[in-house]
Amino acid sequence: MNDTVIEKRRFSDLAHPPAWPLVGSLPYFDPPRVHLVFEEWARRYGTPFRVHLGRRWMMVIDDPAEIGRILRSRPGAFRRVRPVESIFRELGIAGIFSSEGADWERQRRMVMRAFDPAHLKTYFPGLVMVTGRLLERFRRAAEAGDVLDLQQEYMRYTVDVTAGLAFGVDINTIEQGDNVIQKHLDKVFPSINRRMAAIFPWWRYFKLPADRALENDLTQVRQAIDGFIGAARKRMDADPGLAANPSNLIEALLAARDAPQSGITDTDVSGNVFTALLAGEDTTANTLAWLSYFLAEEPHAQAAAQAEADRELGTRAVPDDFESVDALEYIAAATREAMRLKPVAPFLSHESNEPVTVCGIELRARTPVGTLLRPAGLNPELFPDPLAFKPERWISDARATERESAAKRVLMPFGGGPRFCPGRYLALMEIQMVTAMLMKNFRIERVGDEPVRERNALSMLPEGFYARLHLR
Ligand code: HEM
């Protein structure tokens with residue numbers, strides 16, 4: 001009989017990168033590349049590994065089954081790391097993304113209703129109109145031979161769509177170019193990112209010029225948000241039926257705020273409006289930009305996507321019904337493939353609320369756990385030739401089905417469990433619409449041959465990607 005006792009691994013046994021007194025490994029956190037630093041450590045030390053965050057140790061994992069377990073166990077056993085809540089609250093962005101426990105549950109129900117597929121269908125004509133505006137802007141740029149920063153173009157598009165769908169306002173940043181919201185909103189993400197990776201919360205004690213600039217950006221966005229809220233109030237005063245049957249997120253938030261003992265405050269309303277703007281802008285724009293990048297780099301994929309757009313759109317320049325968007329199988333596969341190689345949220349941080357076991361290791365309450373979402377998508381057993389952009393791998397064929405569904409399970413670009421991204425359907429709809437419009441009307445050519453780099457600004461974008469569009 002074998003009586004060998006297998007020693008249980010402890011958290012303190014895990015390998016870790018160099019850690020300095022007081023600051024731990026934080027000096028290695030270069031905010032724009034922090035996800036790459038973590039991925040490199042995962043390769044060097046194996047997973048799970050641990051990393052010293054100055055005052056606490058974080059466990060870092062990349063096993064998709066364990067990641068799924070953590071995501072599903074919220075809001076009970078796990079929460080987002082504490083600085084998310086405090087930093088977002090200080091900036092006046094306290095909303096569904098940063099709230100926890102009962103507060104989060106209350107807000108989540110409202111937000112989900114506003115973004116569900118049925119509601120999305122009613123907004124569809126708005127989506128077609130905004131996509132038509134982008135087409136006109138791209139046409140002018142193509143005729144002038146302009147070099148475009150597509151990520152910036154897509155940011156205008158996504159802000160317009162979120163404002164239309166969630167707030168019932170047509171802000172039209174696509175045609176107005178230098179819109180106030182757009183200009184100031186773009187500065188907020190990198191600032192949050194810097195604060196999340198800070199060794200010391202300096203902004204609570206003194207203000208650097210960057211902090212004063214951030215305050216100005218926030219004030220400007222808040223004024224615009226107050227305008228949206230004021231307009232919604234007027235609509236609801238004029239049509240009291242909207243309180244029982246809100247037509248968008250902002251009306252739903254206001255109706256909830258007004259209900260007796262709702263627990264929803266004015267701050268919750270504006271925090272959630274701000275959250276929707278922020279959460280819907282970069283993530284979708286960056287995914288669109290990565291997809292355009294791959295289509296520009298891979299002529300076979302661009303040709304296949306163009307053929308599909310020609311077939312499904314016929315003489316239309318923009319898909320103008322739900323069914324045509326749904327039928328874009330190749331473009332959907334290309335989107336999934338872009339999200340596999342370039343998930344724009346490649347690293348999510350959580351914290352245990354109670355003692356838990358992760359990857360067989362016992363952790364105390366309040367232990368941060370970082371989850372790397374990309375490595376599972378690069379597993380060669382599920383994704384042969386894992387670094388290649390091959391949308392074809394997602395096109396159903398009876399033999400591939402088993403592997404395909406295993407492959408789908410390990411990808412979590414929208415997170416998972418009860419906190420999975422409520423904007424998922426909207427985001428996929430926007431990406432399909434814009435890419436079909438682009439493929440039907442243009443050929444994308446990448447300009448420049450410098451390597452395009454991943455830059456993390458809370459969500460990850462293709463730095464140095466410029467393109468010229470040619471009318472087809
Ligand atoms: C391709 C585009 C997008 C990607 C890749 C993405 C990704 C994510 C991820 C990874 C999370 C964290 C989920 C988790 O913790 O399990 C998240 C949460 C969230 N997303 Fe998105 N997102 C996208 C678009 C959008 C859009 C368009 C909106 C709304 C306009 C939105 C609103 C939110 C909100 C409100 C949360 C917080 C949910 C909660 O904490 O309960 N997202 N998203």
# chains A, B, ... in the order shown; residues from 1 in each chain; ligands from 1

$ closest_atom_pairs --of "chain A" --to "ligand 1" --cutoff "7 Å" --atoms "only C-alpha atoms and all ligand atoms" --output "JSON lines"
{"residue": "A:Leu71", "atom": "CA", "partner": "ligand 1", "partner_atom_place_in_ligand_line": "16 (O)", "distance": 5.8}
{"residue": "A:Ile96", "atom": "CA", "partner": "ligand 1", "partner_atom_place_in_ligand_line": "40 (O)", "distance": 5.2}
{"residue": "A:Phe97", "atom": "CA", "partner": "ligand 1", "partner_atom_place_in_ligand_line": "40 (O)", "distance": 3.7}
{"residue": "A:Ser98", "atom": "CA", "partner": "ligand 1", "partner_atom_place_in_ligand_line": "40 (O)", "distance": 6.4}
{"residue": "A:Trp104", "atom": "CA", "partner": "ligand 1", "partner_atom_place_in_ligand_line": "41 (O)", "distance": 7.0}
{"residue": "A:Arg108", "atom": "CA", "partner": "ligand 1", "partner_atom_place_in_ligand_line": "41 (O)", "distance": 5.8}
{"residue": "A:Thr162", "atom": "CA", "partner": "ligand 1", "partner_atom_place_in_ligand_line": "30 (C)", "distance": 5.5}
{"residue": "A:Thr275", "atom": "CA", "partner": "ligand 1", "partner_atom_place_in_ligand_line": "35 (C)", "distance": 6.2}
{"residue": "A:Ala276", "atom": "CA", "partner": "ligand 1", "partner_atom_place_in_ligand_line": "30 (C)", "distance": 4.7}
{"residue": "A:Leu277", "atom": "CA", "partner": "ligand 1", "partner_atom_place_in_ligand_line": "30 (C)", "distance": 6.2}
{"residue": "A:Ala279", "atom": "CA", "partner": "ligand 1", "partner_atom_place_in_ligand_line": "32 (C)", "distance": 4.5}
{"residue": "A:Gly280", "atom": "CA", "partner": "ligand 1", "partner_atom_place_in_ligand_line": "26 (C)", "distance": 3.4}
{"residue": "A:Glu281", "atom": "CA", "partner": "ligand 1", "partner_atom_place_in_ligand_line": "27 (C)", "distance": 6.6}
{"residue": "A:Thr283", "atom": "CA", "partner": "ligand 1", "partner_atom_place_in_ligand_line": "2 (C)", "distance": 4.4}
{"residue": "A:Thr284", "atom": "CA", "partner": "ligand 1", "partner_atom_place_in_ligand_line": "2 (C)", "distance": 3.7}
{"residue": "A:Thr287", "atom": "CA", "partner": "ligand 1", "partner_atom_place_in_ligand_line": "1 (C)", "distance": 5.3}
{"residue": "A:Pro343", "atom": "CA", "partner": "ligand 1", "partner_atom_place_in_ligand_line": "5 (C)", "distance": 6.5}
{"residue": "A:Val344", "atom": "CA", "partner": "ligand 1", "partner_atom_place_in_ligand_line": "5 (C)", "distance": 5.6}
{"residue": "A:Ala345", "atom": "CA", "partner": "ligand 1", "partner_atom_place_in_ligand_line": "10 (C)", "distance": 5.3}
{"residue": "A:Pro413", "atom": "CA", "partner": "ligand 1", "partner_atom_place_in_ligand_line": "5 (C)", "distance": 5.2}
{"residue": "A:Phe414", "atom": "CA", "partner": "ligand 1", "partner_atom_place_in_ligand_line": "10 (C)", "distance": 4.0}
{"residue": "A:Gly415", "atom": "CA", "partner": "ligand 1", "partner_atom_place_in_ligand_line": "16 (O)", "distance": 3.4}
{"residue": "A:Gly416", "atom": "CA", "partner": "ligand 1", "partner_atom_place_in_ligand_line": "16 (O)", "distance": 4.3}
{"residue": "A:Gly417", "atom": "CA", "partner": "ligand 1", "partner_atom_place_in_ligand_line": "16 (O)", "distance": 6.2}
{"residue": "A:Pro418", "atom": "CA", "partner": "ligand 1", "partner_atom_place_in_ligand_line": "41 (O)", "distance": 7.0}
{"residue": "A:Arg419", "atom": "CA", "partner": "ligand 1", "partner_atom_place_in_ligand_line": "41 (O)", "distance": 3.9}
{"residue": "A:Phe420", "atom": "CA", "partner": "ligand 1", "partner_atom_place_in_ligand_line": "16 (O)", "distance": 4.0}
{"residue": "A:Cys421", "atom": "CA", "partner": "ligand 1", "partner_atom_place_in_ligand_line": "18 (C)", "distance": 3.9}
{"residue": "A:Pro422", "atom": "CA", "partner": "ligand 1", "partner_atom_place_in_ligand_line": "33 (C)", "distance": 5.3}
{"residue": "A:Gly423", "atom": "CA", "partner": "ligand 1", "partner_atom_place_in_ligand_line": "28 (C)", "distance": 3.5}
{"residue": "A:Arg424", "atom": "CA", "partner": "ligand 1", "partner_atom_place_in_ligand_line": "24 (C)", "distance": 5.5}
{"residue": "A:Leu426", "atom": "CA", "partner": "ligand 1", "partner_atom_place_in_ligand_line": "27 (C)", "distance": 5.5}
{"residue": "A:Ala427", "atom": "CA", "partner": "ligand 1", "partner_atom_place_in_ligand_line": "27 (C)", "distance": 4.5}
{"residue": "A:Leu428", "atom": "CA", "partner": "ligand 1", "partner_atom_place_in_ligand_line": "1 (C)", "distance": 6.6}

$ residues_around --residues "Asn286 (chain A)" --least-positions-apart "4" --cutoff "7 Å" --atoms "only C-alpha atoms" --output "mmCIF file with N, CA, C and O atoms, in the first residue's frame"
data_model
loop_
_atom_site.group_PDB
_atom_site.id
_atom_site.type_symbol
_atom_site.label_atom_id
_atom_site.label_comp_id
_atom_site.auth_asym_id
_atom_site.auth_seq_id
_atom_site.Cartn_x
_atom_site.Cartn_y
_atom_site.Cartn_z
ATOM 1 N N GLN A 151 -9.634 53.334 -34.815
ATOM 2 C CA GLN A 151 -10.084 53.181 -33.422
ATOM 3 C C GLN A 151 -10.811 54.449 -32.972
ATOM 4 O O GLN A 151 -11.853 54.385 -32.327
ATOM 5 N N ASP A 282 -15.066 52.256 -25.383
ATOM 6 C CA ASP A 282 -13.762 51.705 -25.777
ATOM 7 C C ASP A 282 -13.811 50.238 -26.138
ATOM 8 O O ASP A 282 -13.188 49.810 -27.108
ATOM 9 N N TRP A 290 -9.542 46.102 -33.787
ATOM 10 C CA TRP A 290 -8.730 44.896 -33.966
ATOM 11 C C TRP A 290 -9.234 44.067 -35.135
ATOM 12 O O TRP A 290 -8.463 43.530 -35.928
ATOM 13 N N VAL A 344 -10.250 42.467 -25.543
ATOM 14 C CA VAL A 344 -9.920 43.828 -25.116
ATOM 15 C C VAL A 344 -9.910 43.972 -23.594
ATOM 16 O O VAL A 344 -9.432 44.976 -23.074
ATOM 17 N N MET A 460 -8.061 47.168 -24.110
ATOM 18 C CA MET A 460 -6.821 47.067 -24.880
ATOM 19 C C MET A 460 -7.029 47.428 -26.365
ATOM 20 O O MET A 460 -7.922 46.896 -27.011
ATOM 21 N N LEU A 461 -6.207 48.328 -26.890
ATOM 22 C CA LEU A 461 -6.418 48.829 -28.257
ATOM 23 C C LEU A 461 -5.176 48.634 -29.129
ATOM 24 O O LEU A 461 -4.071 48.467 -28.620
#

$ residues_around --residues "region 8-19 of chain A" --least-positions-apart "5" --cutoff "8 Å" --atoms "only C-alpha atoms" --output "PyMOL selection string"
chain A and resi 24-25+41+45-46+48-52+59+360-363

$ atom_distance --atom1 "CA of Phe29 (chain A)" --atom2 "CA of Leu218 (chain A)"
25.5 Å

$ closest_residue --among "A:Asp170, A:Leu53, A:Glu90, A:Leu341" --to "Gly126 (chain A)" --atoms "only C-alpha atoms"
A:Asp170

$ atom_distance --atom1 "CA of Phe347 (chain A)" --atom2 "CA of Ser459 (chain A)"
9.3 Å

$ closest_atom_pairs --of "region 425-463 of chain A" --to "region 292-306 of chain A" --cutoff "7 Å" --atoms "only C-alpha atoms" --output "Markdown table"
| residue | atom | partner | partner_atom | distance |
| --- | --- | --- | --- | --- |
| A:Met439 | CA | A:Gln306 | CA | 4.7 |
| A:Lys440 | CA | A:Gln306 | CA | 5.8 |
| A:Ile444 | CA | A:Ala296 | CA | 5.4 |
| A:Glu445 | CA | A:Ala296 | CA | 5.5 |
| A:Arg446 | CA | A:Ala296 | CA | 5.7 |

$ write_last_selection --atoms "N, CA, C and O atoms" --output "mmCIF file, in the first residue's frame"
data_model
loop_
_atom_site.group_PDB
_atom_site.id
_atom_site.type_symbol
_atom_site.label_atom_id
_atom_site.label_comp_id
_atom_site.auth_asym_id
_atom_site.auth_seq_id
_atom_site.Cartn_x
_atom_site.Cartn_y
_atom_site.Cartn_z
ATOM 1 N N MET A 439 -17.141 46.240 -45.345
ATOM 2 C CA MET A 439 -16.780 45.237 -46.345
ATOM 3 C C MET A 439 -17.573 45.412 -47.637
ATOM 4 O O MET A 439 -17.079 45.151 -48.728
ATOM 5 N N LYS A 440 -18.817 45.854 -47.509
ATOM 6 C CA LYS A 440 -19.653 46.027 -48.701
ATOM 7 C C LYS A 440 -19.153 47.209 -49.547
ATOM 8 O O LYS A 440 -19.190 47.172 -50.781
ATOM 9 N N ILE A 444 -10.003 47.790 -47.076
ATOM 10 C CA ILE A 444 -9.140 48.440 -46.070
ATOM 11 C C ILE A 444 -7.689 48.143 -46.420
ATOM 12 O O ILE A 444 -7.331 46.984 -46.640
ATOM 13 N N GLU A 445 -6.884 49.192 -46.407
ATOM 14 C CA GLU A 445 -5.446 48.992 -46.606
ATOM 15 C C GLU A 445 -4.721 49.558 -45.383
ATOM 16 O O GLU A 445 -4.963 50.697 -44.987
ATOM 17 N N ARG A 446 -3.878 48.732 -44.798
ATOM 18 C CA ARG A 446 -3.124 49.247 -43.649
ATOM 19 C C ARG A 446 -2.027 50.198 -44.124
ATOM 20 O O ARG A 446 -1.369 49.938 -45.134
#

$ closest_residue --among "A:Phe138, A:Phe78, A:Phe389, A:Tyr330" --to "Leu469 (chain A)" --atoms "only C-alpha atoms"
A:Phe138

$ closest_atom_pairs --of "region 24-52 of chain A" --to "region 182-203 of chain A" --cutoff "9 Å" --atoms "only C-alpha atoms" --output "CSV"
residue,atom,partner,partner_atom,distance
A:Leu26,CA,A:Ile199,CA,6.4
A:Pro27,CA,A:Ile199,CA,7.9
A:Phe29,CA,A:Ala197,CA,6.8
A:Asp30,CA,A:Ala197,CA,8.2
A:Pro31,CA,A:Arg194,CA,6.1
A:Pro32,CA,A:Asn193,CA,8.2
A:Val34,CA,A:Ala197,CA,8.7

$ closest_residue --among "A:Thr122, A:Gln220, A:Asn248, A:Thr173" --to "Asp321 (chain A)" --atoms "only C-alpha atoms"
A:Thr122

$ atom_distance --atom1 "CA of Pro64 (chain A)" --atom2 "CA of Thr435 (chain A)"
29.2 Å

$ residues_around --residues "Ser396 (chain A)" --least-positions-apart "4" --cutoff "12 Å" --atoms "only C-alpha atoms" --output "PyMOL selection string"
chain A and resi 329-330+332-333+391-392+400-405+408

$ residues_around --residues "Pro355 (chain A)" --least-positions-apart "2" --cutoff "9 Å" --atoms "only C-alpha atoms" --output "list in words"
Ala77, Ser352, Asn353, Thr357, Glu362, Leu363, Arg364, Ala365, Arg366 and Thr367 of chain A

$ write_last_selection --atoms "C-alpha atoms" --output "CSV table (one decimal), in the first residue's frame"
chain,number,residue,atom,x,y,z
A,77,ALA,CA,-17.7,34.4,-2.7
A,352,SER,CA,-12.4,36.7,-2.3
A,353,ASN,CA,-15.1,37.7,0.2
A,357,THR,CA,-10.1,27.2,-2.6
A,362,GLU,CA,-6.7,27.6,0.1
A,363,LEU,CA,-7.0,31.4,0.2
A,364,ARG,CA,-8.1,33.7,3.0
A,365,ALA,CA,-10.9,36.1,2.7
A,366,ARG,CA,-9.8,39.4,1.0
A,367,THR,CA,-7.2,37.7,-1.3

$ residues_around --residues "region 65-69 of chain A" --least-positions-apart "5" --cutoff "7 Å" --atoms "only C-alpha atoms" --output "count of residues only"
4

$ closest_residue --among "A:Arg55, A:Ile70, A:Arg43, A:Val269" --to "His350 (chain A)" --atoms "only C-alpha atoms"
A:Ile70

$ select_by_dssp --residues "region 60-157 of chain A" --states "alpha helix (DSSP H)" --output "PyMOL selection string"
chain A and resi 64-72+82-90+101-115+117-144+150-157
